[in-house]
Amino acid sequence: MAKPVLTISSKNYSSWSLRGWLLCKIAGLEVEERRVPIDDADARAELLLLSPSFRTPALDHDGVHVWDTLAIAEYLVEVRPKAGLLPADRAARSHNRSVSGEMHSGFANLRSALPMNIKGDFPNFRIWSGAKPDIARITQIFHECLDQYGGPFLFGAKPTVADAMFAPVCSRFATYHVALDSDAAGYRDHILNWAPMIEWAEGARVEPEEMEELDVEF
C-alpha cells in the first residue's frame, strides 16, 4: 500500500497546512509531505488571504482524496477511531466540534491582523482594534475548555481536533507578543512546546524566504 501523502504549502505561513499535519500526527498517520510551490496561484491566494476556498492541505490515503481541514479531521476520526481525535463523551465531542468549527469559519480579523509567521518576532506590534474581540473570544474558549476538562490540552490530557485547530493561533500569539493572562499563556506555551509543534517550527525556520508580501506589517 502506498504511503499516505499530505499536500501542504508553506510551513512558515500556512496555518491550514499546520492544522492538517497536526491532525495526521494526532491520528498516528505517517505521511509523505508534498509541497505546493509558493509561486502556485492557489497557494499564494491561500497565504495572502485572497481566497475563501482552497485545497491545501489535502490528504491522499488508501485511494481517498480529501481536502479542507475539518473534512480531513472527520475522515481521520472515521479511519482511526482509536486515536482519540475527538473525546469519548458525546457532550465533549459536540463541544470539540463546535469550537473547532468556530475556528474554521471565524476570526477573520485576527487572520488579517496577525498572519502566521513562525520565523517572525514582533514585540512592539500594534494590534488592530478589530482583532481584539477575536483574541478575547479565543482566550474565552481556552478558559472554558481548560476549566471544564482539566488541561493541559483543551479537552484533557491528550490532544484532539480542537488543539490542532487552535495551535496556529498559539503561534500567532507568540510571534506578535499578544498579552495573555496566565492560564491562556500556559496553554499557548504547552502547545508551542508540544513535540509535533517543535518539529513543524524547525521545518518552518529553514524554509526559504519566498513571500515578501507576508512580512509587511498590517
# chains A, B, ... in the order shown; residues from 1 in each chain; ligands from 1

$ select_by_dssp --residues "range 99-165 of chain A" --states "helix (DSSP H, G or I)" --output "ChimeraX atom specification"
/A:99-105,108-113,129-149,161-165

$ select_by_dssp --residues "range 47-113 of chain A" --states "strand (DSSP E or B)" --output "number ranges by chain"
A: 58-61, 64-67

$ residues_around --residues "range 115-127 of chain A" --least-positions-apart "2" --cutoff "8 Å" --atoms "only C-alpha atoms" --output "list in words"
Asn12, Tyr13, Ser14, Ser15, Leu110, Arg111, Ser112, Ala113, Ser129, Ala131, Lys132, Pro168, Val169, Ser171, Arg172, Ala174, Thr175, Tyr176, His177, Ala201, Ala204, Arg205, Leu214 and Asp215 of chain A

$ atom_distance --atom1 "CA of Leu86 in chain A" --atom2 "CA of Val161 in chain A"
6.3 Å

$ closest_residue --among "A:Ala157, A:Ala2, A:Ala83, A:Ala108" --to "Cys145 in chain A" --atoms "only C-alpha atoms"
A:Ala157

$ residues_around --residues "range 195-200 of chain A" --least-positions-apart "2" --cutoff "9 Å" --atoms "only C-alpha atoms" --output "MDAnalysis selection string"
chainID A and resid 11:12 18 21:22 25:26 167 191:193 202:205

$ write_last_selection --atoms "N, CA and C atoms" --output "compact mmCIF listing (two decimals), in the first residue's frame"
# COMPACT_ATOMS: atom_id res chain seq x y z
N LYS A 11 5.36 26.03 5.42
CA LYS A 11 5.37 25.70 6.85
C LYS A 11 5.44 26.96 7.70
N ASN A 12 6.04 27.99 7.19
CA ASN A 12 6.15 29.22 7.97
C ASN A 12 4.85 30.01 8.01
N LEU A 18 -0.51 23.53 8.66
CA LEU A 18 -0.12 23.08 10.00
C LEU A 18 -1.25 22.29 10.65
N TRP A 21 -1.51 18.80 9.13
CA TRP A 21 -0.36 17.99 9.52
C TRP A 21 -0.49 17.52 10.97
N LEU A 22 -0.92 18.42 11.86
CA LEU A 22 -1.11 18.04 13.26
C LEU A 22 -2.20 16.98 13.41
N LYS A 25 -0.68 13.76 12.74
CA LYS A 25 0.17 13.36 13.86
C LYS A 25 -0.66 12.80 15.00
N ILE A 26 -1.75 13.48 15.35
CA ILE A 26 -2.60 13.01 16.44
C ILE A 26 -3.19 11.64 16.09
N ALA A 167 -3.77 25.49 17.44
CA ALA A 167 -2.31 25.57 17.54
C ALA A 167 -1.72 26.75 16.76
N ILE A 191 1.31 24.24 24.03
CA ILE A 191 1.20 23.89 22.61
C ILE A 191 2.53 24.14 21.89
N LEU A 192 3.16 25.25 22.16
CA LEU A 192 4.42 25.56 21.47
C LEU A 192 5.54 24.60 21.85
N ASN A 193 5.43 23.99 23.02
CA ASN A 193 6.43 23.01 23.45
C ASN A 193 6.01 21.56 23.21
N GLU A 202 10.69 23.80 13.42
CA GLU A 202 12.04 23.59 12.91
C GLU A 202 12.04 23.58 11.39
N GLY A 203 11.03 22.95 10.79
CA GLY A 203 10.92 22.96 9.34
C GLY A 203 10.63 24.34 8.80
N ALA A 204 9.82 25.11 9.51
CA ALA A 204 9.50 26.47 9.08
C ALA A 204 10.73 27.36 9.08
N ARG A 205 11.58 27.18 10.07
CA ARG A 205 12.74 28.08 10.20
C ARG A 205 13.78 27.88 9.12

$ atom_distance --atom1 "CA of Leu29 in chain A" --atom2 "CA of Pro87 in chain A"
18.4 Å

$ residues_around --residues "Glu74 in chain A" --least-positions-apart "5" --cutoff "10 Å" --atoms "only C-alpha atoms" --output "JSON list (two decimals) with N, CA and C atoms, in the first residue's frame"
[["chain", "number", "residue", "atom", "x", "y", "z"],
["A", 23, "LEU", "N", -3.25, 17.10, 12.63],
["A", 23, "LEU", "CA", -4.31, 16.08, 12.69],
["A", 23, "LEU", "C", -3.76, 14.70, 12.34],
["A", 69, "THR", "N", -9.60, 21.29, 6.05],
["A", 69, "THR", "CA", -9.07, 20.79, 7.31],
["A", 69, "THR", "C", -10.09, 20.02, 8.14],
["A", 79, "VAL", "N", -11.32, 6.72, 10.08],
["A", 79, "VAL", "CA", -10.37, 5.64, 9.76],
["A", 79, "VAL", "C", -9.43, 5.32, 10.93],
["A", 80, "ARG", "N", -9.34, 6.23, 11.91],
["A", 80, "ARG", "CA", -8.51, 6.00, 13.10],
["A", 80, "ARG", "C", -9.35, 6.22, 14.36],
["A", 85, "LEU", "N", -9.00, 11.43, 18.39],
["A", 85, "LEU", "CA", -9.10, 12.76, 17.79],
["A", 85, "LEU", "C", -10.25, 13.57, 18.37],
["A", 86, "LEU", "N", -11.30, 12.88, 18.78],
["A", 86, "LEU", "CA", -12.42, 13.51, 19.47],
["A", 86, "LEU", "C", -12.63, 12.81, 20.81],
["A", 97, "ARG", "N", -16.27, 19.76, 18.49],
["A", 97, "ARG", "CA", -16.65, 20.08, 17.11],
["A", 97, "ARG", "C", -17.08, 21.54, 16.99],
["A", 161, "VAL", "N", -8.79, 17.23, 17.97],
["A", 161, "VAL", "CA", -9.00, 18.09, 16.82],
["A", 161, "VAL", "C", -8.92, 19.56, 17.22]]
